[in-house]
$ cat entry24.pdb   # PDB, C-alpha atoms
ATOM      1  CA  MET A  74      60.376 113.580 -92.592
ATOM      2  CA  ARG A  75      62.396 113.066 -95.710
ATOM      3  CA  ALA A  76      65.367 115.312 -96.292
ATOM      4  CA  GLN A  77      66.280 116.477 -99.752
ATOM      5  CA  GLY A  78      67.440 113.455-101.673
ATOM      6  CA  GLY A  79      64.713 111.294-100.143
ATOM      7  CA  ARG A  80      66.557 110.267 -96.969
ATOM      8  CA  TYR A  81      64.428 109.630 -93.899
ATOM      9  CA  ASN A  82      65.891 110.999 -90.678
ATOM     10  CA  PRO A  83      63.879 109.836 -87.649
ATOM     11  CA  ALA A  84      66.154 111.801 -85.294
ATOM     12  CA  LYS A  85      64.583 115.016 -86.553
ATOM     13  CA  LEU A  86      61.120 113.788 -85.621
ATOM     14  CA  THR A  87      61.568 112.708 -82.027
ATOM     15  CA  MET A  88      60.280 114.869 -79.219
ATOM     16  CA  THR A  89      62.377 115.403 -76.128
ATOM     17  CA  ASN A  90      61.166 113.606 -73.019
ATOM     18  CA  LEU A  91      59.887 116.932 -71.701
ATOM     19  CA  GLU A  92      57.765 117.421 -74.822
ATOM     20  CA  GLN A  93      55.945 114.139 -74.284
ATOM     21  CA  LYS A  94      53.310 115.920 -72.185
ATOM     22  CA  THR A  95      50.791 117.217 -74.691
ATOM     23  CA  ALA A  96      47.905 119.644 -74.954
ATOM     24  CA  ARG A  97      45.309 119.671 -77.702
ATOM     25  CA  LEU A  98      45.127 122.505 -80.244
ATOM     26  CA  THR A  99      42.077 122.635 -82.503
ATOM     27  CA  VAL A 100      42.524 124.327 -85.877
ATOM     28  CA  LEU A 101      39.671 124.967 -88.283
ATOM     29  CA  ILE A 102      40.682 124.827 -91.950
ATOM     30  CA  ASP A 103      39.035 124.263 -95.303
ATOM     31  CA  PRO A 104      38.309 120.526 -95.837
ATOM     32  CA  ALA A 105      40.078 120.484 -99.215
ATOM     33  CA  LYS A 106      43.175 122.096 -97.691
ATOM     34  CA  LYS A 107      43.097 119.511 -94.876
ATOM     35  CA  ARG A 108      42.955 116.627 -97.378
ATOM     36  CA  ALA A 109      45.827 118.122 -99.402
ATOM     37  CA  PHE A 110      47.906 118.633 -96.223
ATOM     38  CA  GLU A 111      47.261 115.085 -95.007
ATOM     39  CA  ALA A 112      48.137 113.669 -98.431
ATOM     40  CA  LEU A 113      51.398 115.634 -98.523
ATOM     41  CA  CYS A 114      52.275 114.521 -94.995
ATOM     42  CA  ALA A 115      51.643 110.880 -95.930
ATOM     43  CA  LYS A 116      53.802 111.266 -99.034
ATOM     44  CA  GLN A 117      56.597 112.725 -96.862
ATOM     45  CA  ASP A 118      56.140 109.968 -94.245
ATOM     46  CA  VAL A 119      55.327 112.360 -91.389
ATOM     47  CA  THR A 120      52.184 112.950 -89.391
ATOM     48  CA  PRO A 121      50.276 116.219 -89.610
ATOM     49  CA  SER A 122      50.939 116.692 -85.876
ATOM     50  CA  GLN A 123      54.702 116.430 -86.414
ATOM     51  CA  VAL A 124      54.554 119.110 -89.098
ATOM     52  CA  VAL A 125      52.388 121.438 -87.007
ATOM     53  CA  ARG A 126      54.661 121.037 -83.947
ATOM     54  CA  LYS A 127      57.682 121.879 -86.119
ATOM     55  CA  LEU A 128      55.928 124.936 -87.586
ATOM     56  CA  ILE A 129      55.032 126.177 -84.098
ATOM     57  CA  ARG A 130      58.616 125.709 -82.815
ATOM     58  CA  GLU A 131      60.003 127.574 -85.836
ATOM     59  CA  HIS A 132      57.436 130.384 -85.462
ATOM     60  CA  LEU A 133      58.322 130.846 -81.778
ATOM     61  CA  GLN A 134      62.049 130.918 -82.587
ATOM     62  CA  ARG A 135      61.563 133.343 -85.474
ATOM     63  CA  HIS A 136      59.809 135.781 -83.137
ATOM     64  CA  GLY A 137      62.287 135.444 -80.285
ATOM     65  CA  VAL A 138      59.934 133.649 -77.932
ATOM     66  CA  GLN A 139      61.722 131.327 -75.541
ATOM     67  CA  TRP A 140      59.860 128.396 -74.083
ATOM     68  CA  VAL A 141      60.737 125.427 -71.939
ATOM     69  CA  PRO A 142      59.423 122.038 -73.093
ATOM     70  CA  GLY A 143      57.137 120.583 -70.463
ATOM     71  CA  GLN A 144      56.841 123.848 -68.534
ATOM     72  CA  ASP A 145      53.464 124.133 -66.801
ATOM     73  CA  ALA A 146      51.067 126.785 -68.020
ATOM     74  CA  ASP A 147      51.028 128.144 -64.463
ATOM     75  CA  ALA A 148      54.698 129.165 -64.662
ATOM     76  CA  GLU A 149      55.472 132.640 -63.363
ATOM     77  CA  GLU A 150      56.842 134.068 -66.612
ATOM     78  CA  ASP A 151      54.684 134.619 -69.687
ATOM     79  CA  PRO A 152      56.332 132.437 -72.409
ATOM     80  CA  SER A 153      54.598 134.389 -75.165
ATOM     81  CA  GLN A 154      56.673 137.498 -74.457
ATOM     82  CA  PRO A 155      59.814 137.962 -76.581
ATOM     83  CA  VAL A 156      63.035 137.811 -74.605
ATOM     84  CA  ASP A 157      65.216 140.924 -74.437
ATOM     85  CA  ASP A 158      68.810 139.632 -74.597
ATOM     86  CA  ARG A 159      70.459 142.996 -73.930
TER
END
$ encode --input "entry24.pdb" --output "structure tokens"
Amino acid sequence: MRAQGGRYNPAKLTMTNLEQKTARLTVLIDPAKKRAFEALCAKQDVTPSQVVRKLIREHLQRHGVQWVPGQDADAEEDPSQPVDDR
């Protein structure tokens, strides 16, 4: 991903070792929007998957959802529930 000023920072793109375990997410979008997104990603020297992962992390943080990278889906707590920090 290129920062403002055109600098490439690979450190911002790496996944932690715990995030290396992946699951597939299928998203249906308009073909023209997909082509535009892929073209923009290529121009910014990132993959569409990197951008989507970043958007998901930011969305979870914005809504107060805590998650543990690499945590099994069978974990006892529901990671989709916002955390009450009181």
$ atom_distance --input "entry24.pdb" --atom1 "CA of Arg126 (chain A)" --atom2 "CA of Pro142 (chain A)"
11.9 Å
$ atom_distance --input "entry24.pdb" --atom1 "CA of Asp118 (chain A)" --atom2 "CA of His136 (chain A)"
28.3 Å
$ closest_residue --input "entry24.pdb" --among "A:Gln123, A:Thr99, A:Gln93, A:Gln117" --to "Gly143 (chain A)" --atoms "all atoms listed in the file"
A:Gln93
$ atom_distance --input "entry24.pdb" --atom1 "CA of Ala109 (chain A)" --atom2 "CA of Pro121 (chain A)"
10.9 Å
$ closest_residue --input "entry24.pdb" --among "A:Glu111, A:Gln139, A:Gln144, A:Val119" --to "Ala96 (chain A)" --atoms "only C-alpha atoms"
A:Gln144
